[in-house]
Each structure stands twice: as C-alpha cells, then as structure tokens.
Amino acid sequence: MKFSIKSVVTGSTVMAAFSAAMIAGTPAQAQSCKEMQVYLSISPLHRENVMSYIAPKLKKKHGTTLIAEAIGSAVMVERLSVQGDKPRVTLAHWDVPIGMKACKQGMCSPIDVSKAPNVGNLYDWGVVKDAAGKHVVIATNTVAVGLIYRTDIFKDKGLTPPTSWSDLKRNDLKGRVSITHPTSTWGTAALVMHARLNGGGEKNIDPGFKTTMEILPYVNKVHLWSSEMANLVQLGEVWLATTGSNLGPSLRKKGIAVKWIVPKEGAPSVGGGLSLVKGAPCQDVAHDYLQLYYNDEFQLMRMKDGGVTSPTKTVWKSTPSELTNNLPIRPESFDSLLQLDWDTVNKDRPDWIKRWQREVR
C-alpha cells in the first residue's frame, strides 16, 4: 500500500499513518501465513499427532492455523500439478520415490537446514539432495515392504507361519491373501521384489508380472490403501498380506493379533518422505514445522502411536527398550534393508500401472 503526504504534518500524524499502514498492509509473508496447508501421508495417527503437537506451537508462535489433510502420494502430485506455479500447499509428506520424481519435475524448494537444525539429525540415507547438494526430500520414517499375518488364525488352524514371499502362493491360504496394487509405492516395491527373485529387476519387470499372475488365484483382494487391507485382516477375511512394516505395531495396538516379518529373501526399503513445495507460502513457518517434526519428543510420539521407525539418530538415545523391541525395524537392521533403484523405477512405473490394469485387475 502506498501513501503520499501532500502537506506538512505533525509527528503524531505520521505515526498514526504508519500504524494504519502496518495494520492494513501487513507484509505478504505474514498475510499468507494465517493458514498453512500440509499434505500428510496416510499413516496410523499421523494427522492426530501433527495436529495435537505441532499445530498449537505454530499457532502460538506465528498465529498460523495449520490445515493438514492425509491423502495418498499420487494424489498429492496430481493436486500440486493442478495448482501450478502458485501452490496453496506448503509441505508434502509423500513416499520418498514419488517425492524424488516430483522434485525432479521442479515441484520442490530446497530445505534450509540452518533454519531447521533438527533435520541435520537424519541418517545419511534419509536425505535426498538436488544437483546443488541441497535437501529436497527428507525421510519421515523407515518402512520396509514385507508380509503381515494373523498369528492367532495361523495358530488355531495349525498353519506354518510365513517366512518367504513364496508363501503368497500356498494352497492352505488360498482365498485369504491380499497383495498391494502398484499405484501404491508399497505395491510397486513388491512387484520389483517379485521380479528380482525370479531373474528380473527394475530394468526387467516381466518376471514380476509373471509371479503376480501366479499369486492371483490365491488372492482375496488386491488392496490399494493400507486401511482397506487392515480392515480385511481385522475381520479375518485376509490372513496374509503384503504391506509396510509400520502396520504391525499399529494393528497390535488395536488388539489384533498380527505379526509383520521380513521375508527370508529380504524386504525393500520404502520410507515416507517430506518436501517443501516450490513457490508455496509460509516458507519460514514451514521450517519451524520441520524443526518440531524432527525433534526427539515428536519422533518418539510417532514411534509410540504410529508404529513407525524414526529416521533420526538422536531419538534412539531416549527410546525405551520395550518400545524398541516392539518395532519391526530397528537401527541395527537399517543396513540390511534392500535399496531399490527408484530413478529407474520412476521412469517406467506409469507403464507398469497401465499394464497391471490390463493384465492383472
């Protein structure tokens, strides 16, 4: 807002005009930060933790109202694409592979670690950097894709507990298996795993589709959302499923007798990530959000409530042993998780999904 003074005025008049200007013409950053929108990954109690712990602190410090919506990673990309060069959403909690691709397409701004020092506590593998060496995708959890099963049903029926990806094709589990659609990053990881175990891999996915077709007669449901799979497991419709490691602790917390395992052949690492959206409002508030998200207190809350394994080094010093022992993945297991070539996967993934829709269901 511009002001012109056409005559001599008193000091009090100038001060009054200045005060009015400050009220009417609040700086753009402050105006834009009355609300800050965040896309959250779909994870047990994720939104509840963010809104109970982070939101009040941002409100108190900045007067910012946090608006958080939990949606799938692919939907985040679609929505941000529509928003164009004036995005309304400031932070996106997407799967790391999807975040990597989105950032390469120009959707991300570098994260300034000096403004959020707690980000510096991440393990090296929890950081994806751009060509200039700046953080663009940072891990929010450590998740691997493996198998989950109903321990009580297996015991009652005298079934041998699963140990291998090949258990998805067991006759005694026919009609009680659920696998993940590759629209989910967890489903894509499982598809690549099937390819790797049968002579293929990221650059040759054909064996993955062949194995999937062999598994299909044993399948009760091809699930897209983990909540859908969890409901089927809880109802006893599904006894064995492919899913992320964080589902084990969260379902047990609900009183469901389940166990998540790393199959003997290994489990691909598919963690959740977080990026700062390019051109979005509230960049400074966003860095305070990151500082809160990666402090030890909040990370411990996520491990207790969400069953996730923290990607920060410092929190493990204060993590109770009973909690650590209940997690499916622990720091000593990090180096043994299988790392996929997500740059290669991301190039072909859209075609794989189309092929799945044609050939699988």
# chains A, B, ... in the order shown; residues from 1 in each chain; ligands from 1
>>> closest_atom_pairs(of="region 83-196 of chain A", to="region 211-214 of chain A", cutoff="10 Å", atoms="only C-alpha atoms", output="Markdown table")
| residue | atom | partner | partner_atom | distance |
| --- | --- | --- | --- | --- |
| A:Ser166 | CA | A:Thr211 | CA | 9.4 |
| A:Leu168 | CA | A:Glu214 | CA | 9.4 |
| A:Lys169 | CA | A:Glu214 | CA | 7.4 |
| A:Ile179 | CA | A:Thr212 | CA | 9.0 |
| A:Ala190 | CA | A:Thr212 | CA | 9.6 |
| A:Leu191 | CA | A:Thr212 | CA | 7.5 |
| A:His194 | CA | A:Thr211 | CA | 6.4 |
| A:Ala195 | CA | A:Thr211 | CA | 7.6 |
>>> write_last_selection(atoms="N, CA and C atoms", output="compact mmCIF listing (two decimals), in the first residue's frame")
# COMPACT_ATOMS: atom_id res chain seq x y z
N SER A 166 7.25 -66.54 -1.26
CA SER A 166 6.54 -67.64 -1.93
C SER A 166 5.34 -68.12 -1.13
N LEU A 168 2.88 -66.51 -0.43
CA LEU A 168 1.68 -65.91 -1.02
C LEU A 168 0.99 -66.89 -1.97
N LYS A 169 1.67 -67.99 -2.29
CA LYS A 169 1.09 -68.99 -3.21
C LYS A 169 0.84 -70.32 -2.52
N ILE A 179 -2.72 -58.64 -1.78
CA ILE A 179 -1.49 -58.02 -2.28
C ILE A 179 -1.78 -56.56 -2.62
N ALA A 190 6.85 -54.29 -4.01
CA ALA A 190 6.60 -55.73 -4.00
C ALA A 190 6.72 -56.31 -5.41
N LEU A 191 6.22 -55.57 -6.40
CA LEU A 191 6.31 -56.03 -7.79
C LEU A 191 7.77 -56.17 -8.22
N HIS A 194 9.29 -59.25 -6.55
CA HIS A 194 8.95 -60.48 -7.26
C HIS A 194 9.80 -60.63 -8.52
N ALA A 195 10.07 -59.53 -9.20
CA ALA A 195 10.91 -59.60 -10.39
C ALA A 195 12.34 -59.99 -10.03
>>> select_by_dssp(residues="region 22-207 of chain A", states="helix (DSSP H, G or I)", output="MDAnalysis selection string")
chainID A and resid 22:24 28:32 46:62 73:83 96:104 113:115 117:121 124:126 151:156 165:169 171:173 185:196 206:207
>>> closest_atom_pairs(of="region 117-201 of chain A", to="region 299-311 of chain A", cutoff="12 Å", atoms="only C-alpha atoms", output="Markdown table")
| residue | atom | partner | partner_atom | distance |
| --- | --- | --- | --- | --- |
| A:Asn118 | CA | A:Gln299 | CA | 11.0 |
| A:Val119 | CA | A:Pro311 | CA | 10.1 |
| A:Gly120 | CA | A:Pro311 | CA | 11.0 |
| A:Asn121 | CA | A:Pro311 | CA | 8.5 |
| A:Leu122 | CA | A:Pro311 | CA | 5.7 |
| A:Tyr123 | CA | A:Pro311 | CA | 6.1 |
| A:Asp124 | CA | A:Pro311 | CA | 9.3 |
| A:Trp125 | CA | A:Pro311 | CA | 8.7 |
| A:Gly126 | CA | A:Pro311 | CA | 6.4 |
| A:Val127 | CA | A:Pro311 | CA | 9.7 |
| A:Ile138 | CA | A:Pro311 | CA | 9.2 |
| A:Ala139 | CA | A:Pro311 | CA | 6.4 |
| A:Thr140 | CA | A:Pro311 | CA | 6.5 |
| A:Asn141 | CA | A:Ser310 | CA | 5.1 |
| A:Thr142 | CA | A:Thr309 | CA | 5.1 |
| A:Val143 | CA | A:Thr309 | CA | 7.1 |
| A:Ala144 | CA | A:Thr309 | CA | 10.0 |
>>> closest_residue(among="A:Val96, A:Trp260, A:Pro331, A:Pro350", to="Val315 (chain A)", atoms="only C-alpha atoms")
A:Pro331
>>> closest_residue(among="A:Asn325, A:Gly279, A:Asp335, A:Glu69", to="Met51 (chain A)", atoms="only C-alpha atoms")
A:Glu69
>>> atom_distance(atom1="CA of Val75 (chain A)", atom2="CA of Ile42 (chain A)")
11.5 Å
>>> residues_around(residues="region 234-240 of chain A", least_positions_apart="6", cutoff="7 Å", atoms="only C-alpha atoms", output="JSON list (two decimals) with N, CA and C atoms, in the first residue's frame")
[["chain", "number", "residue", "atom", "x", "y", "z"],
["A", 147, "LEU", "N", 5.69, -58.96, 4.77],
["A", 147, "LEU", "CA", 4.45, -59.72, 4.95],
["A", 147, "LEU", "C", 3.89, -59.52, 6.36],
["A", 148, "ILE", "N", 2.57, -59.47, 6.44],
["A", 148, "ILE", "CA", 1.90, -59.41, 7.74],
["A", 148, "ILE", "C", 0.88, -60.55, 7.78],
["A", 149, "TYR", "N", 0.73, -61.19, 8.96],
["A", 149, "TYR", "CA", -0.20, -62.31, 9.05],
["A", 149, "TYR", "C", -0.90, -62.34, 10.40],
["A", 150, "ARG", "N", -2.06, -62.99, 10.43],
["A", 150, "ARG", "CA", -2.84, -63.15, 11.65],
["A", 150, "ARG", "C", -2.27, -64.32, 12.45],
["A", 176, "ARG", "N", -7.25, -66.25, 1.01],
["A", 176, "ARG", "CA", -7.03, -65.49, 2.25],
["A", 176, "ARG", "C", -5.82, -64.56, 2.16],
["A", 177, "VAL", "N", -5.41, -64.26, 0.94],
["A", 177, "VAL", "CA", -4.22, -63.44, 0.71],
["A", 177, "VAL", "C", -4.62, -62.09, 0.11],
["A", 178, "SER", "N", -3.91, -61.05, 0.49],
["A", 178, "SER", "CA", -4.12, -59.74, -0.12],
["A", 178, "SER", "C", -2.77, -59.17, -0.56],
["A", 220, "ASN", "N", -7.57, -62.87, -2.12],
["A", 220, "ASN", "CA", -8.91, -62.44, -1.74],
["A", 220, "ASN", "C", -9.18, -61.03, -2.25],
["A", 256, "ILE", "N", -5.40, -56.48, 17.57],
["A", 256, "ILE", "CA", -5.44, -57.51, 16.53],
["A", 256, "ILE", "C", -4.15, -58.31, 16.58]]
>>> residues_around(residues="Pro281 (chain A)", least_positions_apart="2", cutoff="9 Å", atoms="only C-alpha atoms", output="PDB file with C-alpha atoms, in the first residue's frame")
ATOM      1  CA  GLN A  29       4.641 -13.360   4.356  1.00  0.00           C
ATOM      2  CA  SER A  32      -0.009 -15.683   3.685  1.00  0.00           C
ATOM      3  CA  CYS A  33       0.733 -17.455   6.970  1.00  0.00           C
ATOM      4  CA  MET A  36      -0.553 -23.171   6.233  1.00  0.00           C
ATOM      5  CA  LYS A  86       1.003 -20.717  -7.167  1.00  0.00           C
ATOM      6  CA  PRO A  87       0.568 -23.742  -4.898  1.00  0.00           C
ATOM      7  CA  ARG A  88      -1.619 -23.449  -1.816  1.00  0.00           C
ATOM      8  CA  VAL A  89       0.078 -26.355  -0.045  1.00  0.00           C
ATOM      9  CA  THR A  90       3.427 -25.725   1.629  1.00  0.00           C
ATOM     10  CA  VAL A 277       6.732 -27.180  -2.189  1.00  0.00           C
ATOM     11  CA  LYS A 278       8.256 -24.684  -4.605  1.00  0.00           C
ATOM     12  CA  GLY A 279       6.536 -21.295  -4.694  1.00  0.00           C
ATOM     13  CA  GLN A 283       8.285 -20.939   3.867  1.00  0.00           C
ATOM     14  CA  ASP A 284       9.619 -19.634   7.199  1.00  0.00           C
ATOM     15  CA  VAL A 285       6.787 -21.214   9.185  1.00  0.00           C
ATOM     16  CA  ALA A 286       7.410 -24.424   7.265  1.00  0.00           C
TER      17      ALA A 286
END
>>> residues_around(residues="Ala230 (chain A)", least_positions_apart="3", cutoff="8 Å", atoms="only C-alpha atoms", output="PyMOL selection string")
chain A and resi 226-227+233-234+247+251
>>> residues_around(residues="Ile111 (chain A)", least_positions_apart="2", cutoff="9 Å", atoms="only C-alpha atoms", output="VMD selection string")
chain A and resid 108 to 109 113 to 116 134 to 137 275 to 276 287
>>> select_by_dssp(residues="region 117-169 of chain A", states="strand (DSSP E or B)", output="PyMOL selection string")
chain A and resi 122+127-129+135-139+142+144-150
